[in-house]
Each structure stands twice: as structure tokens, then as C-alpha cells.
>>> print(open('query-v2.txt').read())   # compact mmCIF, C-alpha atoms and all ligand atoms
# COMPACT_ATOMS: atom_id res chain seq x y z
CA MET W 267 1.17 -14.86 -7.04
CA LYS W 268 0.02 -11.29 -7.18
CA PHE W 269 0.73 -9.27 -4.09
CA SER W 270 -2.43 -7.55 -2.92
CA SER W 271 -3.21 -7.80 0.78
CA ARG W 272 -2.14 -7.31 4.34
CA ARG W 273 -3.13 -10.91 5.06
CA GLN W 274 -0.37 -12.14 2.73
CA VAL W 275 2.21 -10.17 4.74
CA GLU W 276 0.85 -11.44 8.03
CA ASN W 277 0.96 -15.06 6.90
CA LEU W 278 4.45 -14.64 5.56
CA ALA W 279 5.63 -13.07 8.81
CA LYS W 280 4.47 -16.15 10.70
CA PHE W 281 7.03 -18.42 9.04
CA GLN W 282 10.08 -19.11 11.12
CA SER W 283 12.62 -21.91 11.20
CA GLU W 284 14.48 -22.81 14.38
CA ASP W 285 17.49 -24.30 12.63
CA PHE W 286 17.73 -22.55 9.28
CA LEU W 287 17.78 -19.04 7.87
CA THR W 288 15.27 -17.70 5.35
CA THR W 289 16.28 -15.92 2.16
CA SER W 290 14.24 -12.85 1.26
CA PHE W 291 14.78 -11.66 -2.27
CA TYR W 292 13.57 -8.38 -3.77
CA LEU W 293 14.14 -7.35 -7.35
CA ASN W 294 13.34 -4.09 -9.09
CA SER W 295 12.10 -5.33 -12.49
CA ASP W 296 10.54 -2.12 -13.72
CA LYS W 297 10.78 -2.41 -17.51
CA SER W 298 9.51 1.14 -17.99
CA LYS W 299 12.66 2.46 -16.29
CA MET W 300 15.27 -0.21 -17.09
CA ARG W 301 16.20 -2.28 -20.08
CA LYS W 302 15.89 -6.04 -19.74
CA LYS W 303 19.67 -6.33 -19.94
CA GLU W 304 20.10 -4.02 -16.95
CA ILE W 305 17.61 -6.01 -14.89
CA VAL W 306 19.40 -9.27 -15.67
CA LEU W 307 22.74 -7.69 -14.81
CA SER W 308 21.53 -6.35 -11.47
CA LEU W 309 20.09 -9.80 -10.70
CA LYS W 310 23.42 -11.48 -11.47
CA ASN W 311 25.36 -9.02 -9.30
CA LEU W 312 22.93 -9.42 -6.46
CA LEU W 313 23.15 -13.22 -6.54
CA ARG W 314 26.94 -13.18 -6.78
CA GLN W 315 27.33 -10.81 -3.81
CA SER W 316 24.91 -12.86 -1.73
CA LYS W 317 26.69 -16.08 -2.57
CA SER W 318 29.99 -14.72 -1.32
CA GLN W 319 28.18 -13.38 1.75
CA VAL W 320 27.00 -16.93 2.54
CA GLU W 321 30.48 -18.33 1.93
CA GLN W 322 31.93 -15.97 4.52
CA MET W 323 29.10 -16.49 6.97
CA ASP W 324 29.92 -17.91 10.37
CA ALA W 325 27.32 -20.69 10.32
CA SER W 326 27.06 -24.50 10.08
CA LYS W 327 27.46 -26.24 6.73
CA LYS W 328 23.83 -27.37 6.85
CA LYS W 329 22.64 -23.79 7.30
CA LYS W 330 24.83 -22.50 4.48
CA ASP W 331 23.82 -25.29 2.09
CA SER W 332 20.18 -24.39 2.59
CA LEU W 333 20.95 -20.77 1.64
CA PHE W 334 22.96 -21.84 -1.44
CA LYS W 335 19.95 -23.90 -2.53
CA ASP W 336 17.71 -20.85 -2.05
CA LEU W 337 19.95 -18.73 -4.27
CA ASP W 338 20.08 -21.44 -6.96
CA ARG W 339 16.35 -21.80 -6.98
CA ILE W 340 15.84 -18.03 -7.14
CA ASN W 341 18.27 -17.89 -10.05
CA ARG W 342 16.40 -20.65 -11.92
CA PHE W 343 13.04 -19.07 -11.22
CA CYS W 344 14.18 -15.68 -12.53
CA SER W 345 15.73 -17.04 -15.71
CA GLN W 346 12.47 -18.84 -16.47
CA ASN W 347 10.07 -16.07 -15.53
CA LEU W 348 11.73 -12.71 -15.77
CA SER W 349 11.23 -12.08 -19.47
CA SER W 350 7.48 -12.80 -19.35
CA ASN W 351 6.99 -10.95 -16.09
CA ASN W 352 5.51 -7.48 -16.60
CA PHE W 353 5.36 -6.43 -12.98
CA SER W 354 7.50 -3.65 -11.54
CA GLY W 355 8.97 -5.89 -8.90
CA LEU W 356 9.43 -9.40 -7.65
CA ALA W 357 9.70 -10.78 -4.13
CA ILE W 358 10.72 -14.34 -3.25
CA PHE W 359 10.96 -15.96 0.18
CA SER W 360 12.74 -19.26 0.47
CA CYS W 361 13.98 -21.68 3.09
CA SER W 362 14.95 -24.79 1.11
CA SER W 363 15.56 -27.04 4.08
CA GLN W 364 12.01 -26.47 5.25
CA ASP W 365 10.47 -26.63 1.76
CA PHE W 366 9.35 -23.05 2.16
CA TRP W 367 8.95 -21.11 -1.09
CA GLN W 368 6.72 -18.15 -1.90
CA PHE W 369 6.89 -15.55 -4.61
CA TYR W 370 4.96 -12.34 -5.23
CA ASN W 371 4.65 -10.03 -8.21
CA LEU W 372 4.78 -6.46 -6.99
CA PRO W 373 2.91 -3.45 -8.40
CA SER W 374 5.74 -1.02 -7.61
CA PRO W 375 9.51 -1.48 -7.65
CA PRO W 376 11.29 -2.37 -4.40
CA ARG W 377 14.97 -1.76 -3.73
CA SER W 378 16.82 -4.82 -5.12
CA ARG W 379 18.30 -6.76 -2.24
CA ILE W 380 18.74 -10.17 -0.64
CA ILE W 381 18.44 -10.63 3.10
CA PHE W 382 19.21 -13.73 5.15
CA ASP W 383 17.43 -13.71 8.45
CA LYS W 384 15.52 -15.88 10.90
CA ASN W 385 12.24 -15.05 9.19
CA PRO W 386 11.00 -13.41 5.98
CA TYR W 387 11.87 -9.76 5.58
CA VAL W 388 8.45 -8.24 4.92
CA ARG W 389 8.96 -4.55 5.42
CA PRO W 390 9.10 -3.62 1.71
CA LEU W 391 5.75 -5.38 1.27
CA SER W 392 4.20 -3.40 4.09
CA ALA W 393 5.56 -0.20 2.53
CA ILE W 394 3.96 -1.10 -0.81
CA LEU W 395 0.62 -1.82 0.87
CA ASP W 396 0.72 1.55 2.57
CA LYS W 397 1.30 3.27 -0.75
CA TYR W 398 -2.00 2.22 -2.25
CA HIS W 399 -5.61 2.94 -1.47
CA ARG W 400 -8.68 1.16 -2.75
CA ILE W 401 -10.24 3.74 -5.00
CA PHE W 402 -13.75 3.94 -6.33
CA ALA W 403 -13.83 6.11 -9.44
CA LEU W 404 -16.98 7.45 -11.04
CA THR W 405 -17.29 9.46 -14.21
CA LEU W 406 -20.60 10.91 -15.33
CA ASP W 407 -22.25 13.36 -17.64
CA ARG W 408 -25.90 13.89 -18.50
CA LYS W 409 -26.38 10.63 -20.37
CA GLU W 410 -23.73 8.26 -19.18
CA ALA W 411 -22.00 7.03 -16.03
CA LYS W 412 -19.17 4.57 -15.46
CA TRP W 413 -17.89 3.09 -12.21
CA TYR W 414 -14.40 1.69 -11.68
CA ASP W 415 -12.34 -0.10 -9.07
CA ILE W 416 -8.71 1.05 -8.91
CA PHE W 417 -6.22 -0.75 -6.69
CA MET W 418 -2.44 -1.11 -6.79
CA GLY W 419 -2.14 0.51 -10.17
CA GLU W 420 -4.82 -1.63 -11.81
CA ILE W 421 -8.26 -0.64 -13.01
CA SER W 422 -11.43 -2.58 -13.68
CA LEU W 423 -14.85 -1.44 -14.83
CA LEU W 424 -17.52 -2.20 -12.22
CA ASP W 425 -20.59 -1.07 -14.12
CA SER W 426 -21.88 1.43 -16.64
CA HIS W 427 -25.19 3.13 -17.24
CA LYS W 428 -26.69 4.96 -20.19
CA GLU W 429 -29.91 6.91 -20.42
CA ASP W 430 -31.24 8.96 -23.30
CA VAL W 431 -31.75 12.34 -21.63
CA PRO W 432 -32.67 14.89 -24.32
CA SER W 433 -30.39 17.89 -24.26
CA LYS W 434 -32.40 20.78 -25.65
CA VAL W 435 -35.81 22.04 -26.57
CA LYS W 436 -36.51 21.09 -30.16
CA GLU W 437 -39.73 23.00 -30.92
CA GLY W 438 -41.30 26.27 -29.84
CA GLY W 439 -45.04 25.72 -29.68
CA TRP W 440 -47.70 28.29 -28.87
CA GLU W 441 -46.17 31.43 -27.25
CA GLY W 442 -43.31 29.40 -25.79
CA TYR W 443 -45.68 27.56 -23.50
CA GLU W 444 -44.79 24.24 -25.08
CA SER W 445 -41.02 24.87 -24.86
CA LYS W 446 -41.25 25.71 -21.13
CA ARG W 447 -43.14 22.50 -20.54
CA ILE W 448 -40.49 20.55 -22.40
CA GLU W 449 -37.70 22.26 -20.46
CA ARG W 450 -39.34 21.25 -17.21
CA HIS W 451 -39.75 17.74 -18.54
CA ILE W 452 -36.03 17.57 -19.41
CA ALA W 453 -35.01 18.92 -16.00
CA THR W 454 -37.08 16.21 -14.29
CA HIS W 455 -35.66 13.58 -16.57
CA LEU W 456 -32.11 14.72 -15.80
CA HIS W 457 -32.79 14.82 -12.07
CA ASP W 458 -34.24 11.30 -12.16
CA ASN W 459 -31.21 10.06 -14.04
CA LEU W 460 -28.77 11.61 -11.56
CA LYS W 461 -30.79 10.05 -8.77
CA LYS W 462 -30.53 6.66 -10.42
CA ILE W 463 -26.75 7.13 -10.79
CA ALA W 464 -26.49 8.08 -7.10
CA GLN W 465 -28.38 4.92 -6.13
CA ILE W 466 -26.18 2.67 -8.26
CA THR W 467 -23.12 4.41 -6.78
CA PHE W 468 -24.27 3.56 -3.27
CA LYS W 469 -24.97 -0.06 -4.19
CA LEU W 470 -21.56 -0.55 -5.84
CA PHE W 471 -19.65 1.29 -3.14
CA LYS W 472 -21.10 -0.95 -0.42
CA ARG W 473 -19.66 -4.06 -2.06
CA ASN W 474 -16.09 -3.26 -1.16
CA HIS W 475 -14.14 -1.39 1.49
CA TYR W 476 -13.13 1.63 -0.52
CA ASP W 477 -10.87 4.27 0.98
CA TRP W 478 -11.51 7.07 -1.45
CA ILE W 479 -13.92 8.19 -4.17
CA PHE W 480 -12.65 10.03 -7.23
CA LEU W 481 -15.34 11.84 -9.17
CA GLY W 482 -15.27 12.99 -12.77
CA CYS W 483 -18.39 15.04 -13.40
CA ARG W 484 -19.35 17.98 -15.63
CA GLU W 485 -19.27 21.13 -13.55
CA LYS W 486 -22.94 22.00 -14.15
CA TYR W 487 -24.24 18.66 -12.80
CA CYS W 488 -21.83 18.39 -9.89
CA SER W 489 -23.77 20.12 -7.13
CA ASP W 490 -27.08 18.50 -8.19
CA PHE W 491 -25.45 15.09 -8.19
CA GLU W 492 -23.68 15.51 -4.87
CA ALA W 493 -26.90 16.64 -3.22
CA LEU W 494 -28.38 13.28 -4.20
CA LEU W 495 -25.44 11.29 -2.86
CA HIS W 496 -25.48 9.55 0.51
CA PRO W 497 -23.65 11.79 3.08
CA TYR W 498 -21.18 9.00 3.90
CA LEU W 499 -20.23 8.70 0.25
CA LYS W 500 -19.94 12.46 -0.05
CA SER W 501 -17.40 12.45 2.77
CA LYS W 502 -15.36 9.87 0.86
CA ILE W 503 -14.89 12.05 -2.22
CA LYS W 504 -11.19 12.84 -2.11
CA GLY W 505 -10.50 13.97 -5.62
CA ARG W 506 -11.91 15.48 -8.81
CA LEU W 507 -11.15 14.02 -12.20
CA LYS W 508 -11.12 15.78 -15.53
CA THR W 509 -11.80 12.43 -17.17
CA MET W 510 -15.34 11.95 -18.53
CA PRO W 511 -17.23 8.73 -19.37
CA GLY W 512 -16.29 9.07 -23.05
CA ASP W 513 -12.54 9.03 -22.27
CA SER W 514 -10.46 5.89 -22.29
CA GLN W 515 -9.80 3.71 -19.27
CA THR W 516 -6.06 4.40 -19.63
CA THR W 517 -6.65 8.14 -19.34
CA LEU W 518 -8.74 7.63 -16.23
CA LEU W 519 -6.14 5.35 -14.65
CA ARG W 520 -3.29 7.76 -15.37
CA GLU W 521 -5.14 10.71 -13.87
CA SER W 522 -6.26 8.68 -10.85
CA LEU W 523 -2.77 7.38 -10.05
CA GLU W 524 -1.36 10.89 -10.24
CA LEU W 525 -4.07 12.09 -7.88
CA GLU W 526 -3.50 9.15 -5.53
CA LYS W 527 0.20 9.97 -5.35
CA ASN W 528 -0.47 13.62 -4.51
CA LEU W 529 -3.03 12.73 -1.88
CA LYS W 530 -0.66 10.19 -0.36
CA ASN W 531 2.07 12.84 -0.07
CA GLN W 532 -0.38 15.23 1.58
CA GLU W 533 -1.50 12.45 3.91
CA GLU W 534 2.10 11.72 4.94
CA ASP W 535 2.78 15.40 5.64
CA ALA W 536 -0.39 15.64 7.70
CA ILE W 537 0.48 12.54 9.75
CA VAL W 538 3.96 13.83 10.56
CA LEU W 539 2.61 17.26 11.54
CA ARG W 540 -0.07 15.67 13.72
CA LEU W 541 2.55 13.46 15.38
CA ILE W 542 4.84 16.42 16.09
CA SER W 543 2.06 18.55 17.49
CA GLU W 544 0.99 15.64 19.75
CA LEU W 545 4.61 15.14 20.87
CA GLU W 546 5.11 18.81 21.62
CA LYS W 547 2.03 19.11 23.76
CA GLY W 548 2.96 15.89 25.58
CA GLY W 549 -0.07 14.03 24.26
CA LEU W 550 -0.62 10.47 23.07
CA ALA W 551 2.48 10.11 20.95
CA ILE W 552 6.07 8.94 21.18
CA SER W 553 9.18 9.27 19.03
CA GLY W 554 12.69 7.82 18.69
CA LEU W 555 13.63 4.18 18.32
CA LYS W 556 13.98 3.23 22.01
CA GLN W 557 10.74 4.84 23.17
CA THR W 558 8.77 3.59 20.18
CA LEU W 559 9.96 -0.01 20.66
CA ARG W 560 9.14 0.22 24.35
CA SER W 561 5.57 1.36 23.62
CA LEU W 562 5.25 -1.34 20.98
CA ASN W 563 6.38 -4.02 23.46
CA GLN W 564 3.77 -2.74 25.90
CA GLY W 565 1.03 -2.97 23.30
CA ALA W 566 0.35 0.75 23.59
CA VAL W 567 0.86 1.66 19.94
CA GLN W 568 -2.11 2.57 17.79
CA THR W 569 -0.40 3.88 14.65
CA PHE W 570 3.21 3.07 13.94
CA VAL W 571 4.97 5.76 11.87
CA VAL W 572 8.29 5.01 10.21
CA THR W 573 10.55 6.56 7.59
CA ARG W 574 10.84 4.49 4.39
CA ASN W 575 14.17 2.66 4.06
CA PHE W 576 15.25 3.55 7.60
CA SER W 577 16.87 0.45 9.03
CA GLN W 578 18.99 -0.37 12.02
CA PRO W 579 20.21 -3.52 13.75
CA GLY W 580 18.71 -4.29 17.14
CA ARG W 581 17.89 -7.10 19.54
CA MET W 582 14.94 -9.32 20.32
CA CYS W 583 14.07 -11.46 23.32
CA PRO W 584 13.58 -15.03 22.00
CA LYS W 585 10.98 -15.74 24.68
CA CYS W 586 8.84 -12.59 25.04
CA ARG W 587 9.62 -11.43 21.47
CA PHE W 588 10.14 -7.94 22.87
CA LEU W 589 12.21 -5.66 20.65
CA PHE W 590 15.09 -3.50 21.79
CA ALA W 591 17.54 -1.06 20.28
CA ASP W 592 20.45 -2.39 22.35
CA GLU W 593 19.42 -4.30 25.52
CA PRO W 594 21.74 -7.33 25.90
CA LYS W 595 19.32 -8.86 28.41
CA CYS W 596 15.52 -8.83 28.37
CA PRO W 597 14.41 -6.69 31.34
CA SER W 598 11.25 -8.75 31.61
CA CYS W 599 12.54 -12.37 31.64
CA GLN W 600 16.29 -11.80 32.02
CA ARG W 601 17.13 -13.90 28.97
CA LYS W 602 19.96 -12.99 26.65
CA THR W 603 18.52 -11.13 23.65
CA GLU W 604 19.34 -12.10 20.06
CA LYS W 605 20.84 -9.84 17.46
CA MET W 606 18.45 -8.82 14.65
CA LEU W 607 19.58 -7.55 11.27
CA ASP W 608 16.90 -4.88 10.98
CA ILE W 609 14.93 -4.14 14.12
CA ILE W 610 12.65 -1.78 12.16
CA ASP W 611 11.48 -4.71 10.04
CA GLU W 612 10.73 -6.68 13.20
CA ALA W 613 8.88 -3.67 14.59
CA VAL W 614 6.73 -3.35 11.44
CA GLU W 615 5.85 -7.05 11.73
CA ALA W 616 5.07 -6.71 15.43
CA ALA W 617 2.92 -3.66 14.75
CA MET W 618 0.94 -5.49 12.05
CA ASP W 619 0.59 -8.47 14.34
CA LYS W 620 -0.86 -6.22 17.05
CA ASN W 621 -3.35 -4.74 14.55
CA CYS W 622 -1.71 -1.33 14.54
CA GLU W 623 -1.88 0.87 11.50
CA VAL W 624 1.55 1.17 9.85
CA LYS W 625 2.42 4.40 8.04
CA HIS W 626 5.55 4.69 5.94
CA ILE W 627 6.83 8.23 5.43
CA ALA W 628 9.00 9.27 2.48
CA SER W 629 12.31 10.82 3.44
CA PRO W 630 13.31 13.58 3.98
CA SER W 631 10.49 14.69 6.25
CA LYS W 632 10.18 16.49 9.58
CA LEU W 633 10.14 13.03 11.20
CA ASN W 634 13.92 12.90 10.63
CA ARG W 635 14.36 15.38 13.48
CA TYR W 636 12.48 13.03 15.81
CA GLY W 637 14.59 9.94 15.25
CA LYS W 638 12.85 8.90 11.97
CA ILE W 639 10.33 6.84 13.87
CA GLY W 640 7.38 7.34 16.18
CA ALA W 641 3.90 6.27 17.11
CA PHE W 642 0.48 7.44 18.13
CA LEU W 643 -0.48 5.72 21.36
CA ARG W 644 -3.68 4.17 22.64
CA TYR W 645 -2.84 5.28 26.17
CA LYS W 646 -0.10 7.12 27.99
CA THR W 647 2.93 4.97 28.90
ZN ZN T 701 12.02 -11.73 27.61
>>> encode(input="query-v2.txt", output="C-alpha cells")
Amino acid sequence: MKFSSRRQVENLAKFQSEDFLTTSFYLNSDKSKMRKKEIVLSLKNLLRQSKSQVEQMDASKKKKDSLFKDLDRINRFCSQNLSSNNFSGLAIFSCSSQDFWQFYNLPSPPRSRIIFDKNPYVRPLSAILDKYHRIFALTLDRKEAKWYDIFMGEISLLDSHKEDVPSKVKEGGWEGYESKRIERHIATHLHDNLKKIAQITFKLFKRNHYDWIFLGCREKYCSDFEALLHPYLKSKIKGRLKTMPGDSQTTLLRESLELEKNLKNQEEDAIVLRLISELEKGGLAISGLKQTLRSLNQGAVQTFVVTRNFSQPGRMCPKCRFLFADEPKCPSCQRKTEKMLDIIDEAVEAAMDKNCEVKHIASPSKLNRYGKIGAFLRYKT
């Protein structure tokens, strides 16, 4: 299945088995960066290491057998599908004893790893989701316009429009009177066409929840066109493209992805700076693992901000599902807390579950100085 939505992560995070562990498998299968041989080799190593990890695990035979079955099935699946798979990454979640099996093709490469835990390890999926925006791209010149949907590295043409707008005055006429009339006629024609393009843009944009608009437009028509655009759409224009309607789809995609990456970096920097300024003036923000988990437990988090690949063990209350850095006992219900492999992963899941925004920040960033993790709050805690 193709990985494409937050809902998929949320559903996956809901799976939990009382008696068995779940295997989460991530493989970097980026054929543009690695040869097939290298991918197969890294897969083999990964499976071998994980197998010996299960052998040494302090768990019941039943539990271990279920994990061995997971690894076998993952191995079979990869040997059947890896050569035909053209995605940059693969994720599989399996709990054989519960007949639980899900796989996702990923648009960008994850770190190759296998994790055995009480529930699926979804953090890399959330990080991939955060990397992409739904982009509406429009290219236009005087005669032609094309609209595209770009999401997770893929592009599709939404619509195109062509109109025969004459480009220059062909005949002079009596004392230039005729040519002036024709010029006016062309200007009106051009204006009407831009207006039509603006209307189609609005209609297409409404169909989907787009985050950003990228616009490729000849300089001389730009201000006329934007003046005709709905103010809401104008506010969504986040980037300018050099690509024109006559250029290939591949060119447009390449330029758009580059732009998306730059904008994403700028966005991350801006989030971290905003968080720090809020922290320093004692506003609605928190930082550090302990404080952030506490605010998350209280339901006070609005936007959860975390450094990519930052992970740390922690503890969770089996009853309240509260998360802690190191509390042996839940302060709320006094139960003994359980050890979790990666408390950050649990926190990302909890944040998604509570409808918080989750922002993953590339390291190194200024967030490192604040414990690599933080949050914007709904209210002061
Ligand atoms: Zn509790």
C-alpha cells in the first residue's frame, strides 16, 4: 500500500497486543543512491542482527516464536517484492500471532531498522508526513495554463487550458487608428483570458486542501494575473517557478521539489526561533523532555516539536497511558510504570492522537540547546 496520510499512521498506532510484541521494519530501498546488491545486503544484515536479538531476548517461547515468524515473513516478502519495488523506502508492521500484517511503500528513505515493541513504531512515518506539503502548481503564459497536484514527490496534471490570444498587431490601417483599436482588442482579450484562468484556479484549488501554491508565470503577466486572483489564493502563493506551460512535467516536478525542500527548511528554522522566543519571554511554550511529556499528559500541547532521529527510552503508565522520562510509579494512579523503548515515539503517537500538530526538526538546530524537544501550548501549565 502506498503511504500517504495521517489517518494511516493513526490507525496503525491503535494496534496493540497484550501478549505479543509487534515487529516494525523499515528499509531504505532508494535505488537512486544504492545498488540493488547493497540494498539486499543491508536487508540480510538487518534480519540477521534482529534474529540474534530475539534469541537473546528475555521473553517466553511463544512471544519469541511470533517474532521469528514476523522476520521470516518479512524476509519472504522482500525477496518477492524488492526488485520490482521502485519506492525509496519500505515499512512493514507484523505481529504473526495476532495475524497483524501491514506494509507501506514510502516516498522517501527511512533509516533501515527493526524494532520490537508493544505496538507499531510509527515515528518515521510521522516524520515523512511532516516533510511533505500538498502543493498546487500553476504554470501560465498568454495562451496556455496548466494546473498540477504535487504530493509526496508525485505529480499529476489536474487540468489545462488553451486560448488563441493574438500576440501582436498585424496591420497598420489609416493613420494608426486601426492598430490602436486592435491593440486595445488584444489587451481585453488577454485580460479576459487571465480572468478565466483565475476562475479555473479557484475552482480547482477548492477541490483539495492544498498547503501551498507554486506559480510559474511570465513576468509581464504576473501582476495582472495576481490582481485577478482570489485574496485567499494569493496568500497561499509560496513560491515562484521558472517552469512554463511548454516545459515538461519532469522539469516542473524537479523545480517544485527543490522549492518545497527549501521552504521546509525555512519553516523549520522559523518554528524553532518562534519556540525559543516564546520560551524566553515565558509565554505559551515548553522545552525539555520531562516538561514536554508533562504538558502532553495534561493535554496542554498544541504543536509538538521534536528533533528528527532523537530517541530515548522512557516509561508509560499502563492505565492512564501517561508518558514519563523516568517515573517508576505513575503519580496519578500510583501504578508501576512500564519501560518503553523509545518514549519519543510514544509521545509522537500521543500527540497525533490528541490532534496536535507534530513538527520534526532536522538536526543540528537551535532546538538542541533546549533538550531537542519542546511544544507550543494551548494554555499555561
Ligand atoms: Zn497512571
>>> closest_residue(input="query-v2.txt", among="W:Arg377, W:Lys329, W:Lys409, W:Lys462", to="Ser363 (chain W)", atoms="only C-alpha atoms")
W:Lys329
>>> closest_residue(input="query-v2.txt", among="W:Leu562, W:Leu555, W:Leu607, W:Ala279", to="Ala591 (chain W)", atoms="only C-alpha atoms")
W:Leu555
>>> closest_atom_pairs(input="query-v2.txt", of="chain W", to="ligand ZN 701 (chain T)", cutoff="12 Å", atoms="only C-alpha atoms and all ligand atoms", output="JSON lines")
{"residue": "W:Asn563", "atom": "CA", "partner": "T:ZN701", "partner_atom": "ZN", "distance": 10.4}
{"residue": "W:Arg581", "atom": "CA", "partner": "T:ZN701", "partner_atom": "ZN", "distance": 11.0}
{"residue": "W:Met582", "atom": "CA", "partner": "T:ZN701", "partner_atom": "ZN", "distance": 8.2}
{"residue": "W:Cys583", "atom": "CA", "partner": "T:ZN701", "partner_atom": "ZN", "distance": 4.8}
{"residue": "W:Pro584", "atom": "CA", "partner": "T:ZN701", "partner_atom": "ZN", "distance": 6.7}
{"residue": "W:Lys585", "atom": "CA", "partner": "T:ZN701", "partner_atom": "ZN", "distance": 5.1}
{"residue": "W:Cys586", "atom": "CA", "partner": "T:ZN701", "partner_atom": "ZN", "distance": 4.2}
{"residue": "W:Arg587", "atom": "CA", "partner": "T:ZN701", "partner_atom": "ZN", "distance": 6.6}
{"residue": "W:Phe588", "atom": "CA", "partner": "T:ZN701", "partner_atom": "ZN", "distance": 6.4}
{"residue": "W:Leu589", "atom": "CA", "partner": "T:ZN701", "partner_atom": "ZN", "distance": 9.2}
{"residue": "W:Phe590", "atom": "CA", "partner": "T:ZN701", "partner_atom": "ZN", "distance": 10.5}
{"residue": "W:Glu593", "atom": "CA", "partner": "T:ZN701", "partner_atom": "ZN", "distance": 10.7}
{"residue": "W:Pro594", "atom": "CA", "partner": "T:ZN701", "partner_atom": "ZN", "distance": 10.8}
{"residue": "W:Lys595", "atom": "CA", "partner": "T:ZN701", "partner_atom": "ZN", "distance": 7.9}
{"residue": "W:Cys596", "atom": "CA", "partner": "T:ZN701", "partner_atom": "ZN", "distance": 4.6}
{"residue": "W:Pro597", "atom": "CA", "partner": "T:ZN701", "partner_atom": "ZN", "distance": 6.7}
{"residue": "W:Ser598", "atom": "CA", "partner": "T:ZN701", "partner_atom": "ZN", "distance": 5.0}
{"residue": "W:Cys599", "atom": "CA", "partner": "T:ZN701", "partner_atom": "ZN", "distance": 4.1}
{"residue": "W:Gln600", "atom": "CA", "partner": "T:ZN701", "partner_atom": "ZN", "distance": 6.1}
{"residue": "W:Arg601", "atom": "CA", "partner": "T:ZN701", "partner_atom": "ZN", "distance": 5.7}
{"residue": "W:Lys602", "atom": "CA", "partner": "T:ZN701", "partner_atom": "ZN", "distance": 8.1}
{"residue": "W:Thr603", "atom": "CA", "partner": "T:ZN701", "partner_atom": "ZN", "distance": 7.6}
{"residue": "W:Glu604", "atom": "CA", "partner": "T:ZN701", "partner_atom": "ZN", "distance": 10.5}
>>> residues_around(input="query-v2.txt", residues="Ile452 (chain W)", least_positions_apart="3", cutoff="9 Å", atoms="only C-alpha atoms", output="JSON, numbers by chain")
{"W": [431, 432, 433, 434, 435, 447, 448, 449, 455, 456, 457]}
>>> atom_distance(input="query-v2.txt", atom1="CA of Glu534 (chain W)", atom2="CA of Ser378 (chain W)")
24.3 Å
>>> residues_around(input="query-v2.txt", residues="Met418 (chain W)", least_positions_apart="3", cutoff="8 Å", atoms="all atoms listed in the file", output="JSON, numbers by chain")
{"W": [270, 373, 398, 399, 400]}
>>> residues_around(input="query-v2.txt", residues="Ala566 (chain W)", least_positions_apart="2", cutoff="12 Å", atoms="only C-alpha atoms", output="list in words")
Leu550, Ala551, Ile552, Gln557, Thr558, Leu559, Arg560, Ser561, Leu562, Asn563, Gln564, Gln568, Thr569, Phe570, Ala617, Lys620, Asn621, Cys622, Ala641, Phe642, Leu643, Arg644, Tyr645, Lys646 and Thr647 of chain W
>>> atom_distance(input="query-v2.txt", atom1="CA of Leu423 (chain W)", atom2="CA of Phe369 (chain W)")
27.9 Å
>>> residues_around(input="query-v2.txt", residues="Trp367 (chain W)", least_positions_apart="5", cutoff="12 Å", atoms="all atoms listed in the file", output="PDB file with C-alpha atoms, in the coordinates of the input")
ATOM      1  CA  MET W 267       1.170 -14.860  -7.040  1.00  0.00           C
ATOM      2  CA  LEU W 278       4.450 -14.640   5.560  1.00  0.00           C
ATOM      3  CA  PHE W 281       7.030 -18.420   9.040  1.00  0.00           C
ATOM      4  CA  THR W 288      15.270 -17.700   5.350  1.00  0.00           C
ATOM      5  CA  THR W 289      16.280 -15.920   2.160  1.00  0.00           C
ATOM      6  CA  SER W 290      14.240 -12.850   1.260  1.00  0.00           C
ATOM      7  CA  PHE W 291      14.780 -11.660  -2.270  1.00  0.00           C
ATOM      8  CA  LYS W 335      19.950 -23.900  -2.530  1.00  0.00           C
ATOM      9  CA  ASP W 336      17.710 -20.850  -2.050  1.00  0.00           C
ATOM     10  CA  LEU W 337      19.950 -18.730  -4.270  1.00  0.00           C
ATOM     11  CA  ARG W 339      16.350 -21.800  -6.980  1.00  0.00           C
ATOM     12  CA  ILE W 340      15.840 -18.030  -7.140  1.00  0.00           C
ATOM     13  CA  PHE W 343      13.040 -19.070 -11.220  1.00  0.00           C
ATOM     14  CA  ALA W 357       9.700 -10.780  -4.130  1.00  0.00           C
ATOM     15  CA  ILE W 358      10.720 -14.340  -3.250  1.00  0.00           C
ATOM     16  CA  PHE W 359      10.960 -15.960   0.180  1.00  0.00           C
ATOM     17  CA  SER W 360      12.740 -19.260   0.470  1.00  0.00           C
ATOM     18  CA  CYS W 361      13.980 -21.680   3.090  1.00  0.00           C
ATOM     19  CA  SER W 362      14.950 -24.790   1.110  1.00  0.00           C
ATOM     20  CA  PRO W 386      11.000 -13.410   5.980  1.00  0.00           C
TER      21      PRO W 386
END
>>> closest_residue(input="query-v2.txt", among="W:Gly512, W:Gly419, W:Pro630, W:Gly482", to="Asn575 (chain W)", atoms="all atoms listed in the file")
W:Pro630
>>> closest_residue(input="query-v2.txt", among="W:Lys268, W:Lys625, W:His475, W:Arg342", to="Asn371 (chain W)", atoms="only C-alpha atoms")
W:Lys268
>>> atom_distance(input="query-v2.txt", atom1="CA of Ser577 (chain W)", atom2="CA of Ile537 (chain W)")
20.4 Å
>>> residues_near_point(input="query-v2.txt", point="(23.7, -9.4, -2.5)", cutoff="8 Å", atoms="only C-alpha atoms", output="PyMOL selection string")
chain W and resi 311-317+319+379-381
